[in-house]
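Data first, discussion second: the structure below is written as structure tokens.
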Amino acid sequence: MGMDVLDITQYSLDLGARAKAASALMAKADTATKNRALKRLAALLREATPALQADNAKDLSRAVAAGLAPPLVDRLKLGPQVLETCAQGCEQLAAMPELIGEITGLRQQPSGIRVGQMRVPIGVFGMIFESRPNVTIEAASLSIKSGNACILRGGSEAIESNKALALLVQRALTDSGLPADAVQLVQTTDRAVVGQLITMPQFVDVIIPRGGKGLIERISRDAKVPVIKHLDGNCHVYVDDPSDLAMALKVTDNAKTQKYSPCNAAESLLVARGVAQEFLPRMAAIFAAKGVEMRGCPETLAILESNRASALAALEVSAINIVANLVPAQDSDWSEEYLAPIISIKLVAGVDEAIAHINRYSSHHTDAIITRDHKHAQAFLREVDSASVMVNASTRFADGFEYGLGAEIGISTDKFHARGPVGLEGLTSLKYVVLGEGEVRS
């Protein structure tokens with residue numbers, strides 16, 4: 001539905017004003033009321049599953065007609081399983097402890113006053129996301145639990161599904177005595193609303209984009225409101241000398257191949273020279289069997305081409321299989337996020353060179369070391385400048401749900417406010433509270 005510029009401006013300002021008014025009521029809502037709204041939303045999602053699928057079918061047939069790629073059509077689907085997961089997410093959030101109003105770190109000062117910090121909602125957040133309609137429920141439920149109001153702008157390809165889901169959210173809110181405007185969905189697919197939303201600091205406290213790099217770059221560039229974001233996930237696994245080779249094979253395989261499209265999948269493998277002869281041919285055999293293209297540095301290619309006959313005979317993998325999947329790495333490969341069955345491989349002298357390489361080329365999302373050396377592990381944790389740093393675990397764990405944050409609103413590679421997976425706490429702020437008994441400053 002098209003609107004002229006004047007309408008768009010007015011519509012956006014209206015959304016903002018309503019969200020701001022609702023945020024004041026949400027900030028003072030008690031825990032029981034917020035949890036009641038979340039449980040009611042879970043019940044409504046289950047009840048409305050057939051109706052939601054009918055609305056979703058309209059989006060799906062439009063997407064297929066428009067020639068949207070099958071993986072993208074797949075992400076649009078609201079099957080019973082997806083909706084059940086959404087409902088369970090709401091119930092899990094309801095069961096989580098209350099953050100808002102919690103006062104921590106109260107300390108008595110020499111003057112007699114006590115100073116601490118209280119956790120408070122951020123206020124109003126705007127979320128701009130593409131494809132997956134279940135994000136509507138994730139964002140709405142996190143917003144309710146954290147006592148915020150939100151304005152959601154989903155992708156035009158999911159407009160019918162998002163509208164139907166947003167109506168359920170508003171029903172759950174009003175049934176529980178909370179303002180319907182606490183969660184508003186932008187009802188037009190006109191892109192101009194996004195431009196308005198990200199330039200209304202009087203109404204919107206933070207913007208959270210979830211989508212492709214183009215969307216996030218545009219929003220970061222044009223926003224006049226703080227943005228919680230990550231642009232890309234060029235994640236590394238570094239196999240150290242010494243390391244447990246069986247573990248290194250298992251973890252590297254999982255980090256790369258368990259799923260190719262997420263931002264926490266490994267895109268680059270660094271291997272210490274001391275373990276390369278033993279580790280690389282075995283790792284390459286696993287990758288080749290799964291059709292993963294390996295873009296190797298000259299040393300990597302040399303090892304895999306010379307070792308292939310002896311090592312591969314033992315592994316019963318054809319040498320041709322591996323060599324067919326080998327490509328010389330270009331310099332650009334070290335910075336590349338493939339989101340595909342491709343991995344870059346580089347040999348390094350040891351942990352210091354690995355850390356330097358990661359800090360230069362990574363996107364500061366998630367990087368892992370596989371090692372048996374405690375000192376190397378500690379150095380890696382301390383010195384790698386990324387939002388999540390791991391020892392002997394797959395990068396695929398970098399996720400709010402896996403970190404026990406309940407749901408996740410996104411991942412931040414910025415250093416201010418929120419960093420890493422952003423859950424409830426990332427949607428809150430701290431304010432100082434001072435408790436006195438009539439003290440005055442001398």
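Scheme for the structure tokens: letters A, B, ... for chains in order shown; per-chain residue numbers from 1; ligand numbers from 1 in order shown.
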I'd like to know which residues of stretch 247-340 of chain A are helix (DSSP H, G or I) (by DSSP, run on the backbone); could you write them as a VMD selection string? chain A and resid 247 to 257 273 to 289 298 to 306 308 to 315 319 to 324 331 to 335
Using only C-alpha atoms, what does the table of stretch 21-99 of chain A residues within 7 Å of stretch 169-183 of chain A look like, with each row giving the shortest atom pair and its distance in Å to one decimal, sorted by chain and ascending number, as a Markdown table?
| residue | atom | partner | partner_atom | distance |
| --- | --- | --- | --- | --- |
| A:Ala22 | CA | A:Ala182 | CA | 5.1 |
| A:Ser23 | CA | A:Ala182 | CA | 6.4 |
| A:Thr33 | CA | A:Ser176 | CA | 6.3 |
| A:Arg36 | CA | A:Ser176 | CA | 6.3 |
| A:Ala37 | CA | A:Ala172 | CA | 5.3 |
| A:Arg40 | CA | A:Ala172 | CA | 5.4 |
| A:Leu41 | CA | A:Ala172 | CA | 5.1 |
Please produce a file of those selected residues containing N, CA, C and O atoms, as a compact mmCIF listing (two decimals), in the first residue's frame.
# COMPACT_ATOMS: atom_id res chain seq x y z
N ALA A 22 3.28 4.25 25.42
CA ALA A 22 3.15 2.87 25.92
C ALA A 22 4.36 2.47 26.76
O ALA A 22 4.25 1.72 27.73
N SER A 23 5.55 2.98 26.39
CA SER A 23 6.77 2.57 27.10
C SER A 23 6.74 3.00 28.57
O SER A 23 7.27 2.31 29.44
N THR A 33 2.12 -9.31 35.66
CA THR A 33 1.34 -8.86 34.50
C THR A 33 2.10 -9.16 33.20
O THR A 33 1.53 -9.67 32.23
N ARG A 36 2.04 -12.82 32.54
CA ARG A 36 0.70 -13.25 32.13
C ARG A 36 0.52 -12.99 30.62
O ARG A 36 -0.01 -13.82 29.89
N ALA A 37 0.99 -11.83 30.17
CA ALA A 37 0.88 -11.49 28.74
C ALA A 37 1.66 -12.50 27.89
O ALA A 37 1.20 -12.91 26.82
N ARG A 40 -0.21 -15.81 27.82
CA ARG A 40 -1.41 -15.65 26.99
C ARG A 40 -1.00 -15.68 25.51
O ARG A 40 -1.69 -16.30 24.68
N LEU A 41 0.11 -15.05 25.18
CA LEU A 41 0.58 -15.05 23.79
C LEU A 41 0.90 -16.49 23.34
O LEU A 41 0.55 -16.89 22.22
Do you know which residues are at most 8 Å from stretch 340-346 of chain A counting only C-alpha atoms, after dropping those on the same chain fewer than 6 positions away, and could you put them as an MDAnalysis selection string? chainID A and resid 256:257 260:261 266:271 291:297 299:300 329 333:334
Give the answer as one residue: which of A:Pro421, A:Ala66, A:Asn148, A:Ser161 has the shortest atom-to-atom distance to A:Ala48, using only C-alpha atoms?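 Smallest separation from A:Ala48 among the options: A:Ser161.
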Surrounding residues of A:Ser220 excluding itself and chain neighbours under 2 positions, 12 Å, only C-alpha atoms, as an mmCIF file with N, CA and C atoms, in the first residue's frame:
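File written: around27.cif
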data_model
loop_
_atom_site.group_PDB
_atom_site.id
_atom_site.type_symbol
_atom_site.label_atom_id
_atom_site.label_comp_id
_atom_site.auth_asym_id
_atom_site.auth_seq_id
_atom_site.Cartn_x
_atom_site.Cartn_y
_atom_site.Cartn_z
ATOM 1 N N ILE A 128 14.179 -3.680 12.640
ATOM 2 C CA ILE A 128 13.973 -3.799 11.196
ATOM 3 C C ILE A 128 14.562 -5.143 10.793
ATOM 4 N N GLY A 195 13.350 4.913 6.875
ATOM 5 C CA GLY A 195 14.115 6.164 6.937
ATOM 6 C C GLY A 195 13.637 7.073 8.057
ATOM 7 N N ILE A 198 14.450 5.491 11.807
ATOM 8 C CA ILE A 198 15.836 5.553 12.295
ATOM 9 C C ILE A 198 16.316 6.983 12.515
ATOM 10 N N THR A 199 15.412 7.951 12.288
ATOM 11 C CA THR A 199 15.804 9.358 12.497
ATOM 12 C C THR A 199 14.823 10.059 13.430
ATOM 13 N N VAL A 206 16.709 3.059 20.511
ATOM 14 C CA VAL A 206 17.730 2.238 19.856
ATOM 15 C C VAL A 206 17.095 1.518 18.672
ATOM 16 N N ILE A 207 17.905 1.268 17.645
ATOM 17 C CA ILE A 207 17.441 0.531 16.452
ATOM 18 C C ILE A 207 18.219 -0.779 16.378
ATOM 19 N N ILE A 208 17.508 -1.865 16.083
ATOM 20 C CA ILE A 208 18.159 -3.174 15.935
ATOM 21 C C ILE A 208 17.812 -3.723 14.554
ATOM 22 N N PRO A 209 18.779 -3.693 13.625
ATOM 23 C CA PRO A 209 18.511 -4.288 12.313
ATOM 24 C C PRO A 209 18.904 -5.760 12.302
ATOM 25 N N ARG A 210 18.077 -6.605 11.687
ATOM 26 C CA ARG A 210 18.463 -8.000 11.483
ATOM 27 C C ARG A 210 18.219 -8.342 10.036
ATOM 28 N N LYS A 213 23.782 -7.719 4.908
ATOM 29 C CA LYS A 213 24.779 -6.689 5.147
ATOM 30 C C LYS A 213 24.350 -5.333 4.570
ATOM 31 N N GLY A 214 23.687 -5.359 3.399
ATOM 32 C CA GLY A 214 23.238 -4.110 2.752
ATOM 33 C C GLY A 214 22.296 -3.322 3.640
ATOM 34 N N LEU A 215 21.318 -4.032 4.209
ATOM 35 C CA LEU A 215 20.338 -3.401 5.103
ATOM 36 C C LEU A 215 21.059 -2.761 6.294
ATOM 37 N N ILE A 216 21.960 -3.533 6.901
ATOM 38 C CA ILE A 216 22.606 -3.069 8.134
ATOM 39 C C ILE A 216 23.550 -1.893 7.850
ATOM 40 N N GLU A 217 24.261 -1.968 6.720
ATOM 41 C CA GLU A 217 25.144 -0.840 6.361
ATOM 42 C C GLU A 217 24.336 0.432 6.141
ATOM 43 N N ARG A 218 23.199 0.299 5.458
ATOM 44 C CA ARG A 218 22.365 1.472 5.175
ATOM 45 C C ARG A 218 21.861 2.085 6.472
ATOM 46 N N ASP A 222 22.676 5.865 8.034
ATOM 47 C CA ASP A 222 21.668 6.933 8.051
ATOM 48 C C ASP A 222 21.036 7.197 9.419
ATOM 49 N N ALA A 223 21.228 6.277 10.367
ATOM 50 C CA ALA A 223 20.503 6.397 11.639
ATOM 51 C C ALA A 223 20.969 7.602 12.448
ATOM 52 N N LYS A 224 20.003 8.242 13.124
ATOM 53 C CA LYS A 224 20.332 9.303 14.080
ATOM 54 C C LYS A 224 20.063 8.795 15.494
ATOM 55 N N VAL A 225 19.911 7.479 15.593
ATOM 56 C CA VAL A 225 19.583 6.785 16.838
ATOM 57 C C VAL A 225 20.653 5.710 16.998
ATOM 58 N N PRO A 226 21.092 5.368 18.218
ATOM 59 C CA PRO A 226 22.070 4.288 18.359
ATOM 60 C C PRO A 226 21.579 2.980 17.719
ATOM 61 N N VAL A 227 22.527 2.213 17.149
ATOM 62 C CA VAL A 227 22.196 0.962 16.459
ATOM 63 C C VAL A 227 22.941 -0.196 17.131
ATOM 64 N N ILE A 228 22.209 -1.286 17.433
ATOM 65 C CA ILE A 228 22.859 -2.517 17.920
ATOM 66 C C ILE A 228 22.967 -3.433 16.709
ATOM 67 N N LYS A 229 24.213 -3.797 16.316
ATOM 68 C CA LYS A 229 24.349 -4.476 15.024
ATOM 69 C C LYS A 229 25.594 -5.344 14.944
ATOM 70 N N HIS A 230 25.582 -6.263 13.976
ATOM 71 C CA HIS A 230 26.827 -6.848 13.490
ATOM 72 C C HIS A 230 26.719 -6.948 11.984
ATOM 73 N N LEU A 231 27.792 -6.609 11.286
ATOM 74 C CA LEU A 231 27.748 -6.603 9.822
ATOM 75 C C LEU A 231 28.030 -7.972 9.244
ATOM 76 N N ASP A 414 29.643 -4.486 18.232
ATOM 77 C CA ASP A 414 30.087 -3.191 18.750
ATOM 78 C C ASP A 414 30.626 -3.390 20.165
#
My list of candidates is A:His364, A:Arg114, A:Lys20, A:Lys290. Which is closest to A:Lys415 when distances are computed with only C-alpha atoms? A:His364
Contact residues around A:Ile8 with only C-alpha atoms at 9 Å, ignoring same-chain residues under 4 positions, as a list in words: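 Final neighbour list, sorted by chain and number: Met3, Asp4, Ser12, Leu13, Asp190, Ala192, Val193 and Gln196 of chain A.
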